[in-house]
Every structure is written in structure tokens, then in C-alpha cells.
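Asks: Structure file input21.cif, mmCIF, C-alpha atoms, is pasted below:
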```
data_input
loop_
_atom_site.label_atom_id
_atom_site.label_comp_id
_atom_site.auth_asym_id
_atom_site.auth_seq_id
_atom_site.Cartn_x
_atom_site.Cartn_y
_atom_site.Cartn_z
CA MET A 23 7.05 -46.83 -79.89
CA PRO A 24 4.96 -47.03 -83.07
CA VAL A 25 5.04 -44.06 -85.39
CA PRO A 26 1.58 -42.79 -86.37
CA THR A 27 0.77 -43.21 -90.02
CA LEU A 28 -0.70 -40.56 -92.22
CA GLY A 29 -4.03 -42.38 -92.16
CA SER A 30 -4.30 -42.32 -88.36
CA ASP A 31 -3.43 -38.60 -88.32
CA MET A 32 -6.21 -37.94 -90.83
CA SER A 33 -8.63 -40.03 -88.78
CA ARG A 34 -7.73 -38.14 -85.60
CA LYS A 35 -8.16 -34.81 -87.42
CA THR A 36 -11.57 -35.89 -88.73
CA ASN A 37 -12.61 -37.08 -85.25
CA ASN A 38 -11.47 -33.77 -83.74
CA GLN A 39 -13.49 -31.84 -86.33
CA GLN A 40 -16.55 -33.94 -85.51
CA VAL A 41 -16.05 -33.40 -81.77
CA ASP A 42 -15.54 -29.66 -82.33
CA GLN A 43 -18.71 -29.48 -84.43
CA LEU A 44 -20.77 -31.29 -81.79
CA ALA A 45 -19.32 -29.12 -79.00
CA GLU A 46 -20.23 -26.03 -81.03
CA LEU A 47 -23.81 -27.26 -81.55
CA ILE A 48 -24.20 -28.11 -77.85
CA GLY A 49 -22.91 -24.61 -77.09
CA GLU A 50 -25.52 -23.08 -79.39
CA PHE A 51 -28.27 -25.14 -77.76
CA ILE A 52 -27.18 -24.11 -74.26
CA GLN A 53 -26.99 -20.49 -75.43
CA TYR A 54 -30.59 -20.74 -76.61
CA TRP A 55 -31.56 -21.52 -72.99
CA GLY A 56 -29.93 -18.35 -71.69
CA PHE A 57 -26.41 -19.49 -70.91
CA LYS A 58 -23.25 -18.63 -72.77
CA LYS A 59 -22.19 -20.77 -75.70
CA ILE A 60 -18.87 -21.46 -73.98
CA HIS A 61 -20.70 -22.99 -71.01
CA GLY A 62 -22.19 -25.62 -73.30
CA ARG A 63 -18.90 -26.30 -75.04
CA ILE A 64 -17.04 -26.74 -71.76
CA TRP A 65 -19.79 -28.87 -70.26
CA PHE A 66 -19.79 -31.11 -73.34
CA MET A 67 -16.03 -31.66 -73.12
CA ILE A 68 -16.19 -32.47 -69.42
CA PHE A 69 -19.34 -34.62 -69.74
CA THR A 70 -17.97 -36.77 -72.55
CA SER A 71 -14.41 -37.10 -71.26
CA THR A 72 -13.13 -40.44 -70.02
CA LYS A 73 -11.41 -38.64 -67.14
CA PRO A 74 -11.85 -35.44 -65.14
CA LEU A 75 -10.41 -32.45 -66.96
CA ASP A 76 -8.47 -29.46 -65.71
CA ALA A 77 -8.37 -25.93 -67.10
CA ALA A 78 -5.33 -26.70 -69.28
CA ASP A 79 -7.17 -29.63 -70.88
CA LEU A 80 -10.12 -27.38 -71.68
CA MET A 81 -7.91 -24.61 -73.03
CA GLU A 82 -6.19 -27.07 -75.35
CA ARG A 83 -9.32 -28.89 -76.50
CA LEU A 84 -11.41 -25.77 -77.07
CA LYS A 85 -8.61 -23.38 -78.09
CA ILE A 86 -9.73 -20.75 -75.56
CA SER A 87 -7.98 -18.53 -73.04
CA LYS A 88 -7.29 -19.34 -69.41
CA ALA A 89 -9.43 -16.36 -68.34
CA LEU A 90 -12.44 -17.61 -70.31
CA VAL A 91 -12.02 -21.11 -68.88
CA SER A 92 -11.75 -19.75 -65.33
CA ILE A 93 -14.83 -17.55 -65.57
CA SER A 94 -16.86 -20.27 -67.25
CA ILE A 95 -15.84 -22.96 -64.75
CA ARG A 96 -16.86 -20.65 -61.91
CA ASP A 97 -20.28 -20.17 -63.53
CA LEU A 98 -20.76 -23.89 -64.16
CA LEU A 99 -19.75 -24.72 -60.58
CA GLN A 100 -22.21 -22.13 -59.26
CA HIS A 101 -25.04 -23.81 -61.17
CA GLU A 102 -23.70 -27.22 -60.08
CA VAL A 103 -23.50 -28.32 -63.71
CA ILE A 104 -19.94 -29.50 -63.07
CA LEU A 105 -18.26 -30.60 -59.87
CA GLU A 106 -14.73 -30.48 -58.54
CA ALA A 107 -13.26 -33.94 -59.03
CA GLY A 108 -9.93 -33.66 -57.23
CA TYR A 109 -6.47 -32.86 -58.51
CA SER A 110 -4.39 -33.99 -61.47
CA ALA A 111 -0.91 -35.46 -61.17
CA LEU A 112 0.37 -31.92 -61.71
CA GLY A 113 -1.71 -30.62 -58.80
CA THR A 114 -4.27 -28.74 -60.87
CA ARG A 115 -7.96 -28.91 -59.94
CA THR A 116 -10.00 -31.21 -62.14
CA TYR A 117 -13.70 -31.21 -62.96
CA SER A 118 -16.33 -33.76 -63.86
CA ALA A 119 -19.92 -33.39 -64.97
CA ASN A 120 -22.61 -33.57 -62.32
CA PRO A 121 -24.13 -37.04 -62.87
CA ASP A 122 -27.54 -35.82 -61.66
CA ILE A 123 -28.58 -34.10 -64.89
CA HIS A 124 -32.23 -33.93 -63.83
CA GLY A 125 -31.26 -32.33 -60.54
CA VAL A 126 -29.11 -29.79 -62.38
CA ILE A 127 -32.00 -28.84 -64.66
CA ALA A 128 -34.38 -28.57 -61.69
CA GLN A 129 -31.85 -26.40 -59.83
CA VAL A 130 -31.43 -24.06 -62.80
CA LEU A 131 -35.20 -23.79 -63.23
CA LYS A 132 -35.58 -23.03 -59.52
CA ASN A 133 -32.73 -20.53 -59.34
CA ARG A 134 -33.34 -18.77 -62.60
CA GLU A 135 -36.74 -19.20 -64.26
CA LYS A 136 -38.74 -19.38 -61.03
CA ILE A 137 -37.08 -16.21 -59.74
CA MET A 138 -37.60 -14.48 -63.08
CA LEU A 139 -41.30 -15.37 -63.10
CA SER A 140 -41.63 -14.16 -59.52
CA LYS A 141 -40.15 -10.77 -60.43
CA ILE A 142 -42.52 -10.48 -63.39
CA LYS A 143 -45.47 -11.41 -61.19
CA HIS A 144 -44.58 -8.75 -58.61
CA ALA A 145 -44.08 -6.08 -61.26
CA LEU A 146 -47.46 -6.94 -62.76
CA GLN A 147 -49.07 -6.65 -59.31
CA ASP A 148 -47.98 -3.01 -59.25
CA ILE A 149 -49.57 -2.44 -62.67
CA LYS A 150 -52.79 -4.14 -61.53
CA LYS A 151 -53.05 -1.60 -58.68
CA LEU A 152 -53.36 1.26 -61.17
CA LYS A 153 -56.76 2.84 -61.59
CA PRO A 154 -58.49 2.55 -64.99
CA ARG A 155 -57.63 6.18 -65.74
CA GLU A 156 -53.93 5.57 -64.96
CA LEU A 157 -53.94 2.52 -67.24
CA GLN A 158 -55.51 4.64 -69.97
CA ASP A 159 -52.91 7.39 -69.49
CA ALA A 160 -50.18 4.77 -69.78
CA GLU A 161 -51.91 3.43 -72.91
CA LEU A 162 -52.33 0.00 -71.31
CA HIS A 163 -55.31 -2.16 -72.14
CA GLU A 164 -56.97 -3.41 -68.92
CA ALA A 165 -58.12 -6.69 -70.49
CA SER A 166 -54.57 -7.39 -71.70
CA ILE A 167 -53.23 -6.82 -68.18
CA LYS A 168 -55.73 -9.39 -66.88
CA GLU A 169 -54.71 -11.81 -69.64
CA MET A 170 -51.04 -11.26 -68.73
CA ASP A 171 -51.89 -12.20 -65.14
CA LYS A 172 -53.43 -15.46 -66.37
CA LEU A 173 -50.39 -16.19 -68.54
CA ILE A 174 -48.02 -15.69 -65.62
CA HIS A 175 -50.16 -17.93 -63.43
CA ARG A 176 -50.14 -20.63 -66.14
CA GLY A 177 -46.41 -20.22 -66.56
CA GLU A 178 -45.87 -20.76 -62.84
CA LYS A 179 -48.06 -23.87 -62.90
CA MET A 180 -46.19 -25.26 -65.92
CA LEU A 181 -42.82 -24.56 -64.32
CA ASN A 182 -43.88 -26.19 -61.05
CA THR A 183 -45.20 -29.22 -62.96
CA LEU A 184 -41.99 -29.51 -64.94
CA MET A 185 -39.88 -29.26 -61.81
CA ALA A 186 -42.01 -31.96 -60.13
CA LEU A 187 -41.40 -34.28 -63.10
CA ILE A 188 -37.66 -33.81 -62.93
#
```
How does the structure come out when it is put into C-alpha cells?
Replies:
Amino acid sequence: MPVPTLGSDMSRKTNNQQVDQLAELIGEFIQYWGFKKIHGRIWFMIFTSTKPLDAADLMERLKISKALVSISIRDLLQHEVILEAGYSALGTRTYSANPDIHGVIAQVLKNREKIMLSKIKHALQDIKKLKPRELQDAELHEASIKEMDKLIHRGEKMLNTLMALI
């Protein structure tokens, strides 16, 4: 068996640093969209792997605890971002990235943003039922409430258009 040279160890270390940096940046991007940074880091590792990964692989690659991996995998499975891919030779469950990225994005938009907009819309409907005097007592500007209604309507249209494109 060949013995690794110092040069190959340095190259592997540099590659690992580059992978870690990219995983971190993907995590930050995913966090920006309302998920946890760890979700993005785990998804990146699974998505770019040449084989399905198990929890131990993720713990080793990301230097994170088993509990954090377990909770995060559960969340990613719930959003169908990753899928169960079978079992390793050791009998541990493995995971792969959902190949339907567009479907995943559409599902998240439907299950999260669409529901959030619906809640906002219903809460605004209650405000719109207030009499002008009640709005004044609450120090709410009636014209701004009407503008908010238009914004929500536009937001729904944009979200529906986006989901239709995906």
C-alpha cells in the first residue's frame, strides 16, 4: 500500500478547507432563506457526495454532534430536501439529495411562504374590519392598511407565478 507523501496530505488539507468554506457559505445562504445554517451545510455534503451518506459520515465531515445531525436530517426529510437512500454496509440509514431541486423549492414555497402569506392576509382582514375610529385609536393609517392589502395581493400573485415557473 502506498504511503501518502507530505504533498498529498497538504493537498487533501487544502481541499478540505475549500470544501468546508463552501459548505459554510451554502449554510449561510440557506440561513438567509429562513432555514438553519446546518441544514445548508448538511444538504451540501449530501448533494455533492459521490455516495449516499449516513449520520456518522456527516458528523465526521462537518465536525458536529450526533444530536444535531439527527435533528437536522429529520427537518431535511420533512421538507423532502433529502431522501432516505437505503442502508450502509454497517446497517446505518443513508441519505441522498432529492434530485428534483425545483420540486423541493416549490414544496418549500407552498408549505412555508404560501402559508405565511395566508396568515398575514387573514390577520389583515381583521384589521380591515375595524371602523375608522378604531383605526385612529390604534394609531393606524387607513390608507396604509389599504396599501398593505395591495402588497399582500401582489405578493400572492408573485409567489403563485414563481411556483408555476418551477
Asks: Tell me which of A:Ala89, A:His144, A:Leu173, A:Pro74 sits closest to Asn120 in chain A, counting only C-alpha atoms.
Replies: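 The shortest atom-to-atom distance to Asn120 in chain A comes from A:Pro74.
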Asks: Given the PyMOL selection byres ((chain A and resi 61) around 9) and the file above, list the residues it selects as a compact mmCIF listing (two decimals) with C-alpha atoms, keeping the file's coordinate frame.
Replies:
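Dumped everything to selection-v8.txt:
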```txt
# COMPACT_ATOMS: atom_id res chain seq x y z
CA GLY A 49 -22.91 -24.61 -77.09
CA ILE A 52 -27.18 -24.11 -74.26
CA GLN A 53 -26.99 -20.49 -75.43
CA PHE A 57 -26.41 -19.49 -70.91
CA LYS A 58 -23.25 -18.63 -72.77
CA LYS A 59 -22.19 -20.77 -75.70
CA ILE A 60 -18.87 -21.46 -73.98
CA GLY A 62 -22.19 -25.62 -73.30
CA ARG A 63 -18.90 -26.30 -75.04
CA ILE A 64 -17.04 -26.74 -71.76
CA TRP A 65 -19.79 -28.87 -70.26
CA PHE A 66 -19.79 -31.11 -73.34
CA SER A 94 -16.86 -20.27 -67.25
CA ILE A 95 -15.84 -22.96 -64.75
CA ASP A 97 -20.28 -20.17 -63.53
CA LEU A 98 -20.76 -23.89 -64.16
```
Asks: What does the structure give for the distance between CA of Lys168 in chain A and CA of Lys151 in chain A, in Å to one decimal?
Replies: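 These two atoms are separated by 11.6 Å.
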Asks: State, in Å with one decimal place, the distance from CA of Lys153 in chain A to CA of Lys179 in chain A.
Replies: 28.1 Å
Asks: Using the chain letters and numbers from this file, what does the PyMOL selection byres ((chain A and resi 116) around 12) select? Give the answer as a ChimeraX atom specification.
Replies: /A:68,71,73-80,95,99,104-115,117-119
Asks: Between CA of Ile142 in chain A and CA of Lys172 in chain A, what is the distance in Å, rounded to a tenth?
Replies: 12.4 Å
Asks: Determine, counting all atoms listed in the file, which protein, DNA and RNA residues have an atom within 12 Å of an atom of Leu152 in chain A; residues of the same chain fewer than 5 positions away are not included. Present the result as a VMD selection string.
Replies: chain A and resid 145 to 147 157 to 160 162 to 164 167
Asks: Enumerate, as a PyMOL selection string, the residues matched when the PyMOL selection byres ((chain A and resi 131-135) around 12) is run on the file above.
Replies: chain A and resi 55-57+100-102+124-130+136-142+174+177-178+180-186+188
